[in-house]
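S.K.: Dropping in data.cif, with mmCIF, C-alpha atoms and all ligand atoms.
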data_work
loop_
_atom_site.label_atom_id
_atom_site.label_comp_id
_atom_site.auth_asym_id
_atom_site.auth_seq_id
_atom_site.Cartn_x
_atom_site.Cartn_y
_atom_site.Cartn_z
CA MET A 1 82.00 101.61 84.90
CA THR A 2 84.16 100.31 87.71
CA ILE A 3 83.71 101.35 91.34
CA LEU A 4 87.02 102.12 93.02
CA ASP A 5 86.20 100.23 96.19
CA GLY A 6 88.16 101.96 98.94
CA LYS A 7 86.55 99.88 101.62
CA LYS A 8 87.80 96.64 100.08
CA VAL A 9 91.26 97.95 99.18
CA SER A 10 91.73 99.52 102.61
CA ASN A 11 90.84 96.17 104.19
CA ASP A 12 93.40 94.45 101.95
CA ILE A 13 96.03 96.97 103.06
CA LYS A 14 95.13 96.56 106.73
CA ASN A 15 95.44 92.78 106.35
CA GLU A 16 98.88 93.24 104.75
CA ILE A 17 99.93 95.53 107.60
CA ALA A 18 98.62 93.03 110.19
CA VAL A 19 100.89 90.38 108.61
CA GLU A 20 103.87 92.75 108.96
CA VAL A 21 102.97 93.43 112.60
CA GLN A 22 102.83 89.70 113.30
CA LYS A 23 106.33 89.31 111.83
CA ILE A 24 107.55 92.11 114.11
CA LYS A 25 105.94 90.39 117.12
CA ASP A 26 107.43 87.02 116.14
CA LYS A 27 110.87 88.61 116.21
CA GLY A 28 110.11 89.95 119.71
CA GLU A 29 110.42 93.56 118.54
CA LYS A 30 108.35 96.59 119.52
CA VAL A 31 105.15 97.00 117.47
CA PRO A 32 104.41 100.33 115.75
CA HIS A 33 102.84 102.95 118.02
CA LEU A 34 100.67 105.79 116.67
CA ALA A 35 99.48 108.68 118.83
CA ALA A 36 96.78 111.22 117.97
CA ILE A 37 96.18 114.58 119.61
CA ILE A 38 92.71 116.06 119.40
CA VAL A 39 91.93 119.50 120.75
CA GLY A 40 88.27 120.30 121.47
CA ASN A 41 85.16 118.24 120.87
CA ASP A 42 84.17 118.70 117.24
CA GLY A 43 81.93 115.71 116.43
CA ALA A 44 83.39 114.92 113.01
CA SER A 45 87.00 115.19 114.25
CA LEU A 46 86.25 112.92 117.23
CA THR A 47 84.74 110.35 114.84
CA TYR A 48 87.77 110.45 112.51
CA VAL A 49 90.26 110.14 115.36
CA GLY A 50 88.20 107.32 116.90
CA SER A 51 88.34 105.45 113.58
CA LYS A 52 92.12 105.92 113.45
CA VAL A 53 92.56 104.46 116.94
CA LYS A 54 90.23 101.54 116.15
CA ALA A 55 92.20 100.80 112.97
CA CYS A 56 95.41 100.64 115.05
CA GLU A 57 93.87 97.96 117.26
CA ARG A 58 92.70 96.03 114.22
CA VAL A 59 96.23 95.70 112.76
CA GLY A 60 97.98 95.14 116.10
CA PHE A 61 99.54 98.60 116.56
CA GLU A 62 99.79 100.34 119.90
CA SER A 63 97.84 103.60 119.99
CA THR A 64 97.54 106.58 122.30
CA LEU A 65 94.76 109.13 122.13
CA VAL A 66 95.53 112.51 123.72
CA GLN A 67 92.34 114.52 124.26
CA MET A 68 92.78 118.19 125.15
CA SER A 69 90.03 120.68 125.99
CA ASN A 70 88.72 123.32 123.63
CA THR A 71 90.38 126.02 125.76
CA THR A 72 93.87 124.50 125.49
CA SER A 73 96.49 127.21 124.91
CA GLU A 74 99.06 127.10 122.12
CA VAL A 75 101.85 126.65 124.69
CA GLU A 76 100.09 123.66 126.27
CA LEU A 77 99.69 122.01 122.88
CA LEU A 78 103.32 122.73 121.92
CA ASP A 79 104.44 121.18 125.24
CA LYS A 80 102.44 118.04 124.49
CA ILE A 81 103.97 117.85 121.00
CA LYS A 82 107.46 118.16 122.51
CA GLU A 83 106.63 115.31 124.87
CA LEU A 84 105.57 113.06 121.98
CA ASN A 85 108.60 114.09 119.90
CA GLU A 86 110.86 112.99 122.75
CA ASN A 87 109.00 109.80 123.69
CA PRO A 88 110.89 106.85 122.13
CA GLU A 89 107.82 104.61 122.47
CA ILE A 90 105.89 106.70 119.92
CA ASP A 91 106.83 106.06 116.27
CA GLY A 92 104.49 108.63 114.78
CA PHE A 93 101.72 111.02 115.74
CA ILE A 94 99.17 113.36 114.28
CA VAL A 95 97.49 116.53 115.46
CA GLN A 96 93.93 116.36 114.21
CA LEU A 97 92.85 119.47 112.28
CA PRO A 98 91.12 121.90 112.48
CA LEU A 99 92.40 123.46 115.70
CA PRO A 100 90.55 126.04 117.86
CA PRO A 101 91.13 129.69 116.84
CA GLN A 102 93.52 130.52 119.73
CA ILE A 103 96.07 128.09 118.27
CA ASN A 104 98.27 128.88 115.27
CA GLU A 105 98.14 125.83 113.00
CA GLN A 106 101.41 126.62 111.22
CA LYS A 107 103.33 126.84 114.51
CA VAL A 108 101.89 123.50 115.54
CA LEU A 109 102.76 121.71 112.30
CA LEU A 110 106.31 123.10 112.45
CA ALA A 111 106.73 121.75 115.99
CA VAL A 112 106.18 118.11 115.00
CA ASP A 113 109.40 116.11 114.53
CA PRO A 114 109.48 115.47 110.74
CA ASP A 115 110.53 111.85 111.42
CA LYS A 116 107.31 111.31 113.42
CA ASP A 117 105.10 113.39 111.10
CA VAL A 118 103.01 110.53 109.70
CA ASP A 119 100.50 113.06 108.30
CA GLY A 120 103.27 114.46 106.09
CA PHE A 121 102.22 118.04 106.92
CA HIS A 122 105.60 119.40 108.09
CA PRO A 123 107.20 121.70 105.47
CA THR A 124 110.28 119.44 105.40
CA ASN A 125 108.17 116.46 104.41
CA PHE A 126 105.99 118.46 102.04
CA GLY A 127 109.14 119.78 100.36
CA LYS A 128 110.62 116.30 100.08
CA MET A 129 107.39 115.09 98.49
CA ALA A 130 107.56 117.88 95.89
CA LEU A 131 111.20 116.95 95.16
CA ASP A 132 110.49 113.20 94.69
CA MET A 133 112.44 112.34 97.84
CA SER A 134 111.42 109.49 100.13
CA THR A 135 109.08 110.88 102.81
CA PHE A 136 105.64 110.60 104.41
CA ILE A 137 102.99 111.40 101.80
CA PRO A 138 99.82 112.90 103.35
CA ALA A 139 97.38 110.06 103.99
CA THR A 140 94.49 111.12 101.75
CA PRO A 141 96.61 111.82 98.63
CA PHE A 142 98.61 108.64 99.37
CA GLY A 143 95.31 106.71 99.54
CA ILE A 144 94.19 108.09 96.17
CA LEU A 145 97.52 107.09 94.56
CA GLU A 146 97.18 103.62 96.06
CA LEU A 147 93.63 103.21 94.68
CA LEU A 148 94.74 104.30 91.20
CA ASP A 149 97.71 101.93 91.46
CA ARG A 150 95.77 98.87 92.63
CA TYR A 151 93.10 99.29 89.95
CA GLY A 152 95.76 99.94 87.28
CA VAL A 153 94.17 103.26 86.25
CA GLU A 154 96.38 104.85 83.57
CA THR A 155 97.55 108.34 84.55
CA LYS A 156 100.46 108.89 82.12
CA GLY A 157 99.79 111.73 79.68
CA LYS A 158 96.27 112.20 81.04
CA HIS A 159 94.79 115.57 81.92
CA THR A 160 94.11 115.53 85.65
CA VAL A 161 91.97 118.32 87.07
CA VAL A 162 92.13 118.83 90.83
CA ILE A 163 89.32 120.85 92.42
CA GLY A 164 90.36 122.60 95.65
CA ARG A 165 93.82 123.71 96.80
CA SER A 166 93.77 122.66 100.47
CA HIS A 167 97.14 121.88 102.04
CA ILE A 168 95.86 118.42 103.05
CA VAL A 169 94.48 117.18 99.73
CA GLY A 170 94.23 119.43 96.66
CA ARG A 171 97.70 121.01 96.70
CA PRO A 172 99.67 117.80 97.41
CA MET A 173 97.50 115.85 94.94
CA SER A 174 98.30 118.35 92.18
CA ILE A 175 102.02 117.84 92.83
CA LEU A 176 101.84 114.05 93.07
CA MET A 177 99.87 113.54 89.85
CA GLY A 178 102.49 115.49 87.91
CA ARG A 179 105.48 113.61 89.36
CA LYS A 180 107.52 111.20 87.29
CA GLY A 181 106.39 107.58 87.60
CA PHE A 182 103.13 105.78 88.23
CA PRO A 183 100.69 107.00 89.35
CA GLY A 184 101.78 110.35 87.96
CA ASN A 185 103.05 111.76 84.65
CA SER A 186 99.74 113.58 84.31
CA THR A 187 99.26 117.09 82.99
CA VAL A 188 97.68 118.79 85.98
CA THR A 189 95.29 121.71 86.33
CA LEU A 190 94.67 122.92 89.88
CA THR A 191 91.35 124.75 90.17
CA HIS A 192 90.03 126.76 93.13
CA SER A 193 87.52 129.40 94.18
CA HIS A 194 88.90 131.99 91.71
CA THR A 195 88.93 129.66 88.71
CA LYS A 196 86.81 130.93 85.82
CA ASN A 197 84.72 128.64 83.63
CA ILE A 198 85.34 125.56 85.71
CA THR A 199 82.93 123.48 83.59
CA GLN A 200 85.05 124.19 80.52
CA ILE A 201 88.08 122.83 82.39
CA THR A 202 86.48 119.80 84.06
CA SER A 203 84.79 118.74 80.82
CA GLN A 204 88.26 118.33 79.26
CA ALA A 205 89.59 116.23 82.14
CA ASP A 206 90.52 112.57 81.87
CA ILE A 207 90.78 112.38 85.66
CA ILE A 208 88.94 114.64 88.14
CA ILE A 209 89.90 114.75 91.81
CA SER A 210 87.37 116.81 93.74
CA ALA A 211 88.31 117.96 97.23
CA LEU A 212 86.01 120.92 97.66
CA GLY A 213 83.52 119.99 100.38
CA VAL A 214 80.44 121.17 98.46
CA PRO A 215 77.82 118.39 98.29
CA ASN A 216 76.92 117.28 94.72
CA PHE A 217 79.05 120.04 93.16
CA LEU A 218 80.27 117.98 90.21
CA LYS A 219 77.38 117.32 87.81
CA ALA A 220 77.21 115.02 84.80
CA GLU A 221 77.31 118.01 82.38
CA MET A 222 80.74 118.93 83.78
CA VAL A 223 82.29 115.56 82.98
CA LYS A 224 83.31 113.93 79.70
CA ASP A 225 82.53 110.32 78.82
CA ASP A 226 84.85 107.72 80.40
CA ALA A 227 86.44 110.16 82.87
CA VAL A 228 87.97 108.83 86.09
CA ILE A 229 86.26 110.46 89.10
CA ILE A 230 87.80 110.66 92.57
CA ASP A 231 85.47 112.17 95.18
CA VAL A 232 87.20 113.39 98.34
CA GLY A 233 84.15 115.26 99.69
CA ILE A 234 82.76 114.14 103.06
CA THR A 235 80.15 116.72 104.07
CA ARG A 236 77.65 115.94 106.83
CA VAL A 237 74.13 116.73 105.65
CA THR A 238 71.18 116.68 108.07
CA ASP A 239 69.00 113.61 107.50
CA GLU A 240 66.46 112.77 110.17
CA THR A 241 65.82 109.36 108.60
CA ARG A 242 69.33 108.27 109.66
CA PRO A 243 70.07 107.02 113.19
CA ARG A 244 72.79 109.67 113.63
CA GLY A 245 70.61 112.45 112.18
CA TYR A 246 72.96 113.06 109.23
CA ARG A 247 74.44 111.35 106.20
CA ILE A 248 77.80 111.83 104.50
CA VAL A 249 77.61 113.38 101.02
CA GLY A 250 80.45 113.68 98.50
CA ASP A 251 81.30 116.46 96.02
CA VAL A 252 80.05 114.36 93.11
CA ASP A 253 76.47 113.83 91.94
CA PHE A 254 77.16 110.10 91.95
CA ALA A 255 73.81 108.91 90.51
CA ASN A 256 74.34 110.83 87.25
CA VAL A 257 78.13 111.15 86.98
CA SER A 258 78.62 107.40 87.48
CA LYS A 259 76.70 106.80 84.21
CA LYS A 260 79.47 108.58 82.26
CA ALA A 261 82.55 107.64 84.29
CA SER A 262 84.97 104.79 83.56
CA TYR A 263 86.05 104.60 87.23
CA ILE A 264 84.49 106.35 90.20
CA THR A 265 84.88 106.36 94.00
CA PRO A 266 81.70 106.14 96.08
CA VAL A 267 81.02 108.22 99.21
CA PRO A 268 81.17 106.68 101.72
CA GLY A 269 83.45 103.73 101.02
CA GLY A 270 85.86 105.35 98.57
CA VAL A 271 88.69 107.68 99.55
CA GLY A 272 87.70 107.90 103.27
CA PRO A 273 88.73 104.40 104.36
CA MET A 274 91.92 104.67 102.27
CA THR A 275 93.06 107.67 104.34
CA ILE A 276 93.10 105.60 107.51
CA ALA A 277 94.86 102.65 105.88
CA MET A 278 97.63 104.92 104.56
CA LEU A 279 98.09 106.59 107.94
CA LEU A 280 98.80 103.10 109.30
CA LYS A 281 101.19 102.48 106.42
CA ASN A 282 103.04 105.71 107.23
CA THR A 283 103.27 104.65 110.88
CA LEU A 284 104.80 101.33 109.85
CA LEU A 285 107.30 103.29 107.71
CA ALA A 286 108.06 105.60 110.66
CA ARG A 287 108.86 102.61 112.86
CA GLU A 288 111.20 101.21 110.20
CA ARG A 289 112.98 104.57 109.95
CA HIS A 290 113.46 104.74 113.71
CA ASN A 291 114.91 101.24 113.72
CA ILE A 292 117.63 101.86 111.13
N1 LIG B 301 91.61 116.82 109.33
C1 LIG B 301 91.06 116.43 108.16
N2 LIG B 301 91.86 115.52 107.55
C2 LIG B 301 92.93 115.35 108.35
C3 LIG B 301 94.10 114.55 108.26
O1 LIG B 301 94.33 113.80 107.30
N3 LIG B 301 94.97 114.65 109.30
C4 LIG B 301 94.75 115.47 110.35
N4 LIG B 301 95.67 115.52 111.30
N5 LIG B 301 93.68 116.24 110.46
C5 LIG B 301 92.78 116.17 109.46
#
Would you give me this structure, written as structure tokens?
M.R.:
Amino acid sequence: MTILDGKKVSNDIKNEIAVEVQKIKDKGEKVPHLAAIIVGNDGASLTYVGSKVKACERVGFESTLVQMSNTTSEVELLDKIKELNENPEIDGFIVQLPLPPQINEQKVLLAVDPDKDVDGFHPTNFGKMALDMSTFIPATPFGILELLDRYGVETKGKHTVVIGRSHIVGRPMSILMGRKGFPGNSTVTLTHSHTKNITQITSQADIIISALGVPNFLKAEMVKDDAVIIDVGITRVTDETRPRGYRIVGDVDFANVSKKASYITPVPGGVGPMTIAMLLKNTLLARERHNI
């Protein structure tokens, strides 16, 4: 069994990006600049956005964090997005999800300039992804592809089962694994809350990508020998023995599933750190696009 070490690979990628940034600096050009908008004060979202900003510093990017109150109106947020769209200093930006209930998420995602949409959530970019056109691939799916690529995990002709159809992970992942090329060329089954006999489906999978958000959902009995297991779950579970009062738990019963798997991602230290590395990669790409 091989651990797909997202912490190590993401560090490799960040080092590669830092080298690119140094080259940009040596030429006297503007370094990439990522901005993040966060609305409200959800603890997990603040942590994720904080990690994104810290990662920018680490590779030499400029970063801007825009914090807006929980009572921000849709119009105020749309105005801020317009400002970032029009600001030539900003190469790319993200609006951290989820948003408070008074704000329509679809309207917000549509307002982001597709050329600055480093999350790859705008329908134009999502459509391009589905049509094999060059675009920004959402960071978490992009990170999973990169892990499979760097470990040389065979995906061609394999049966990939994706659990969860979220717009951020499950749905794009199901499209990407079926695309032509590597990683891809899989036969994909997308499962969700209305799927019947899920164990029957997962136990036939060569590759399982679980993005459900239910701690320890995937048990050893649901997995065949030598399957590849990608765990996208990051649920906070109360744990008074930890300094923060919680620990992060994945969708996969790691202790038992890892005994059967050929490759498996740990939680934490698997897909999570890859997401941030690929957001930086998308920002570097955005800067290149703006400079052509
Ligand atoms: N919320 C959970 N994951 C993500 C992500 O990848 N991007 C944004 N903007 N919000 C998220």
S.K.: Produce as a PDB file with C-alpha atoms, in the coordinates of the input the set of residues near ligand LIG 301 (chain B), where near means within 7 Å with all atoms listed in the file considered.
M.R.:
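Below is the file part.pdb, written as the result:
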ATOM      1  CA  SER A  45      87.000 115.190 114.250  1.00  0.00           C
ATOM      2  CA  ILE A  94      99.170 113.360 114.280  1.00  0.00           C
ATOM      3  CA  VAL A  95      97.490 116.530 115.460  1.00  0.00           C
ATOM      4  CA  GLN A  96      93.930 116.360 114.210  1.00  0.00           C
ATOM      5  CA  LEU A  97      92.850 119.470 112.280  1.00  0.00           C
ATOM      6  CA  PRO A  98      91.120 121.900 112.480  1.00  0.00           C
ATOM      7  CA  ASP A 119     100.500 113.060 108.300  1.00  0.00           C
ATOM      8  CA  PRO A 138      99.820 112.900 103.350  1.00  0.00           C
ATOM      9  CA  ALA A 139      97.380 110.060 103.990  1.00  0.00           C
ATOM     10  CA  THR A 140      94.490 111.120 101.750  1.00  0.00           C
ATOM     11  CA  ILE A 168      95.860 118.420 103.050  1.00  0.00           C
ATOM     12  CA  THR A 275      93.060 107.670 104.340  1.00  0.00           C
TER      13      THR A 275
END
S.K.: Is it possible to get the residues within 9 Å of (99.6, 112.6, 89.8) (coordinates as in the file, counting all atoms listed in the file) written as a list in words?
M.R.: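 Residues with an atom at most 9 Å from (99.6, 112.6, 89.8): Leu145, Thr155, Lys156, Thr160, Met173, Ser174, Ile175, Leu176, Met177, Gly178, Arg179, Lys180, Gly181, Phe182, Pro183, Gly184, Asn185, Ser186, Thr187 and Val188 of chain A.
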S.K.: Compare A:Glu105, A:Glu240, A:Asp253, A:Asp231 by their minimum atom-to-atom distance to Lys219 of chain A, counting all atoms listed in the file, and give me the closest one.
M.R.: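 Residue with the minimum atom-to-atom distance to Lys219 of chain A: A:Asp253.
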S.K.: Taking all listed atoms of segment 102-120 of chain A, build the axis-aligned box, pad each of the six sides by 4 Å, then write its centre and edge lengths in Å to one decimal as AutoDock Vina command-line options.
M.R.:
--center_x 102.0 --center_y 120.5 --center_z 112.9 --size_x 25.0 --size_y 28.0 --size_z 21.6
S.K.: Given the point (91.4, 97.1, 100.8) in the coordinates of this file, which residues lie within 12 Å, counting all atoms listed in the file, and how would they look as number ranges by chain?
M.R.: A: 4-17, 143, 146-147, 150-151, 269-278
S.K.: Please determine, counting all atoms listed in the file, which residue among A:Lys158, A:Lys260, A:Lys107, A:Arg171 has the shortest atom-to-atom distance to Met129 of chain A.
M.R.: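 The answer is A:Arg171, which sits nearest to Met129 of chain A.
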S.K.: Considering only C-alpha atoms, state which residue in the set A:Leu65, A:Leu78, A:Val59, A:Val232 is at the smallest distance from Glu20 of chain A.
M.R.: A:Val59
S.K.: At a cut-off of 10 Å, using all atoms listed in the file, what residues contact Asn41 of chain A? Leave out same-chain residues fewer than 3 positions from it and give the result as a PyMOL selection string.
M.R.: chain A and resi 38+44-47+67-70+100
S.K.: Have a look at atom CA of Leu34 of chain A and atom CA of Cys56 of chain A and let me know their distance in Å, one decimal.
M.R.: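 Computing it gives 7.5 Å between the two atoms.
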S.K.: How many Å separate atom CA of Val53 of chain A from atom CA of Gln106 of chain A?
M.R.: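 It comes out at 24.5 Å.
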S.K.: Could you jot down the atom CA of His167 of chain A to atom CA of Ser262 of chain A separation for me, Å, one decimal place?
M.R.: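 Value for the atom CA of His167 of chain A-atom CA of Ser262 of chain A distance: 28.0 Å.
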S.K.: So which one's closest to Glu288 of chain A, A:Ile229, A:Val19, A:Ile24, A:Ala220? Using all atoms listed in the file, please.
M.R.: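 For Glu288 of chain A, the nearest of the candidates is A:Ile24.
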S.K.: Using all atoms listed in the file for the distances, tell me which of A:Ala205, A:Thr135, A:Thr238, A:Asp115 is nearest to Gly157 of chain A.
M.R.: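 Of the candidates, the smallest distance to Gly157 of chain A is held by A:Ala205.
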S.K.: Quick one: everything within 12 Å of Lys116 of chain A, counting all atoms listed in the file, minus sequence neighbours fewer than 4 positions away in the same chain. Send it as an MDAnalysis selection string.
M.R.: chainID A and resid 32:36 81:82 84:95 109:112 120:122 124:125 135:136 279 282:290
S.K.: Using all atoms listed in the file, determine which residues lie at most 7 Å from Pro215 of chain A, disregarding the query and same-chain residues fewer than 3 positions distant; provide the list as a VMD selection string.
M.R.: chain A and resid 235 249 to 252
S.K.: Save out the residues we just selected, C-alpha atoms, as a compact mmCIF listing (two decimals), in the coordinates of the input.
M.R.:
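Saved the output as selection.txt:
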# COMPACT_ATOMS: atom_id res chain seq x y z
CA THR A 235 80.15 116.72 104.07
CA VAL A 249 77.61 113.38 101.02
CA GLY A 250 80.45 113.68 98.50
CA ASP A 251 81.30 116.46 96.02
CA VAL A 252 80.05 114.36 93.11
S.K.: For a quick check of understanding, using only C-alpha atoms, which of A:Gly213, A:Pro172, A:Gly152, A:Pro123 has the smallest distance to Val108 of chain A?
M.R.: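 Ranked by minimum distance to Val108 of chain A, first place goes to A:Pro123.
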